[in-house]
Amino acid sequence: WHMIVEKSTHYKVKQGIVVALPIIIGYFPIAMAFGLMAKNTSISFLDTSLFSMMVFAGASQFMALDLIGAGVTWANIILATFLLNLRHLMMTASLAVEFKSIPKKFLPLIGFGITDETFSVISFNKDKISTSFVLVLNFLSYSSWVIGTMVGYIVGEIIPAPLQTSLSIGLYAMFAALLFPEINKSK
């Protein structure tokens with residue numbers, strides 16, 4: 001029996017890694033852009049790293065950078081971030097039904113790791129849901145975001161300012177390149 005459980009867990013970990021790969025590939029360059037932009041907003045490396053470690057919500061982090069740059073108060077930034085992230089409450093509530101087999105002690109950790117992308121992957125892989133599958137998916141996604149942020153900040157220390165500006169424009173071009181083919185597919 002122990003051997004069957006161990007093989008099943010190993011298999012779920014592998015499945016978590018496989019479904020996390022596209023998220024990792026997508027998060028890393030966007031997190032790098034966040035790190036680069038945070039550096040250009042004069043936020044320290046430590047604060048930028050902690051920002052990604054503690055918030056882990058890309059849209060909110062980019063919005064907060066814009067608000068910081070505009071001189072908005074911290075209270076208003078926190079409120080705006082809270083409102084933008086309310087959708088995560090709905091996502092985790094809809095997944096709660098699927099997480100009945102997951103021990104309650106892991107639910108806060110899993111809830112923290114739910115993003116738009118991990119929610120989507122979990123929703124399309126309900127048959128694979130297990131503690132190890134979800135934890136691996138969330139951990140790898142989280143790690144790629146945090147490491148990407150740090151790498152982006154460090155790159156911002158090395159490359160000249162004109163090239164940094166080009167990279168920022170390139171980020172918007174990348175979003176457009178990803179978005180337009182999907183729009184064409186779905187009228």
# chains A, B, ... in the order shown; residues from 1 in each chain; ligands from 1

$ residues_around --residues "Ile114 in chain A" --least-positions-apart "3" --cutoff "9 Å" --atoms "only C-alpha atoms" --output "list in words"
His88, Met91, Thr92, Ile110, Gly111, Glu117, Thr118, Phe119 and Asn138 of chain A

$ write_last_selection --atoms "C-alpha atoms" --output "PDB file, in the first residue's frame"
ATOM      1  CA  HIS A  88      -8.749  35.735  -6.359  1.00  0.00           C
ATOM      2  CA  MET A  91     -11.352  31.867  -7.793  1.00  0.00           C
ATOM      3  CA  THR A  92     -10.326  30.158  -4.574  1.00  0.00           C
ATOM      4  CA  ILE A 110      -2.480  26.900  -1.710  1.00  0.00           C
ATOM      5  CA  GLY A 111      -4.767  29.943  -1.574  1.00  0.00           C
ATOM      6  CA  GLU A 117      -2.890  31.188 -14.530  1.00  0.00           C
ATOM      7  CA  THR A 118      -2.741  28.555 -11.790  1.00  0.00           C
ATOM      8  CA  PHE A 119      -6.516  28.799 -11.362  1.00  0.00           C
ATOM      9  CA  ASN A 138       1.974  26.843  -7.175  1.00  0.00           C
TER      10      ASN A 138
END

$ select_by_dssp --residues "range 42-149 of chain A" --states "alpha helix (DSSP H)" --output "ChimeraX atom specification"
/A:45-54,58-69,74-84,86-96,107-112,116-124,131-149

$ write_last_selection --atoms "C-alpha atoms" --output "compact mmCIF listing (two decimals), in the first residue's frame"
# COMPACT_ATOMS: atom_id res chain seq x y z
CA PHE A 45 16.37 45.38 -4.54
CA LEU A 46 15.24 44.09 -1.14
CA ASP A 47 11.88 45.88 -1.32
CA THR A 48 11.34 44.74 -4.92
CA SER A 49 12.11 41.15 -3.96
CA LEU A 50 9.84 41.30 -0.92
CA PHE A 51 7.13 42.88 -3.07
CA SER A 52 7.10 39.81 -5.33
CA MET A 53 7.48 37.37 -2.42
CA MET A 54 4.64 38.82 -0.37
CA GLY A 58 1.54 40.64 -11.24
CA ALA A 59 -1.27 42.97 -12.29
CA SER A 60 -1.40 44.49 -8.80
CA GLN A 61 2.35 44.84 -8.65
CA PHE A 62 2.53 46.67 -11.98
CA MET A 63 -0.41 48.88 -10.94
CA ALA A 64 1.28 49.62 -7.62
CA LEU A 65 4.46 50.68 -9.45
CA ASP A 66 2.44 53.16 -11.50
CA LEU A 67 0.75 54.47 -8.36
CA ILE A 68 4.05 54.75 -6.50
CA GLY A 69 5.50 56.67 -9.45
CA TRP A 74 0.29 53.78 0.58
CA ALA A 75 -3.24 53.48 1.96
CA ASN A 76 -4.69 54.11 -1.51
CA ILE A 77 -2.23 51.69 -3.12
CA ILE A 78 -3.21 48.97 -0.63
CA LEU A 79 -6.91 49.64 -1.23
CA ALA A 80 -6.50 49.55 -5.03
CA THR A 81 -4.49 46.33 -4.80
CA PHE A 82 -7.10 44.77 -2.54
CA LEU A 83 -9.91 45.66 -4.95
CA LEU A 84 -8.00 44.40 -7.97
CA LEU A 86 -10.85 40.41 -5.06
CA ARG A 87 -11.16 38.13 -8.09
CA HIS A 88 -8.75 35.73 -6.36
CA LEU A 89 -11.29 35.32 -3.57
CA MET A 90 -13.86 34.18 -6.12
CA MET A 91 -11.35 31.87 -7.79
CA THR A 92 -10.33 30.16 -4.57
CA ALA A 93 -13.97 29.89 -3.48
CA SER A 94 -14.84 28.11 -6.72
CA LEU A 95 -11.90 25.71 -6.25
CA ALA A 96 -12.78 24.97 -2.62
CA LEU A 107 -5.20 25.49 2.17
CA PRO A 108 -3.76 28.91 3.20
CA LEU A 109 -0.55 28.11 1.31
CA ILE A 110 -2.48 26.90 -1.71
CA GLY A 111 -4.77 29.94 -1.57
CA PHE A 112 -1.75 32.27 -1.60
CA ASP A 116 -5.20 33.68 -12.84
CA GLU A 117 -2.89 31.19 -14.53
CA THR A 118 -2.74 28.56 -11.79
CA PHE A 119 -6.52 28.80 -11.36
CA SER A 120 -6.95 28.11 -15.05
CA VAL A 121 -4.56 25.15 -15.04
CA ILE A 122 -6.18 23.63 -11.95
CA SER A 123 -9.67 24.17 -13.40
CA PHE A 124 -8.74 22.29 -16.56
CA THR A 131 -1.98 18.19 -2.45
CA SER A 132 1.29 17.43 -4.22
CA PHE A 133 0.00 18.42 -7.68
CA VAL A 134 -1.31 21.82 -6.54
CA LEU A 135 1.65 22.58 -4.26
CA VAL A 136 4.17 21.81 -7.01
CA LEU A 137 2.25 23.88 -9.55
CA ASN A 138 1.97 26.84 -7.17
CA PHE A 139 5.56 26.59 -5.89
CA LEU A 140 7.11 26.50 -9.36
CA SER A 141 4.92 29.37 -10.56
CA TYR A 142 5.75 31.42 -7.47
CA SER A 143 9.47 30.66 -7.73
CA SER A 144 9.64 31.70 -11.37
CA TRP A 145 7.92 35.01 -10.53
CA VAL A 146 10.19 35.79 -7.59
CA ILE A 147 13.41 34.75 -9.34
CA GLY A 148 12.37 36.56 -12.53
CA THR A 149 11.79 39.73 -10.49

$ closest_residue --among "A:Tyr27, A:Gly152, A:Val13, A:Lys100" --to "Phe56 in chain A" --atoms "only C-alpha atoms"
A:Tyr27

$ closest_residue --among "A:Ile24, A:Val151, A:Ala70, A:Ile129" --to "Phe99 in chain A" --atoms "only C-alpha atoms"
A:Ile129

$ atom_distance --atom1 "CA of Thr41 in chain A" --atom2 "CA of Pro22 in chain A"
29.0 Å
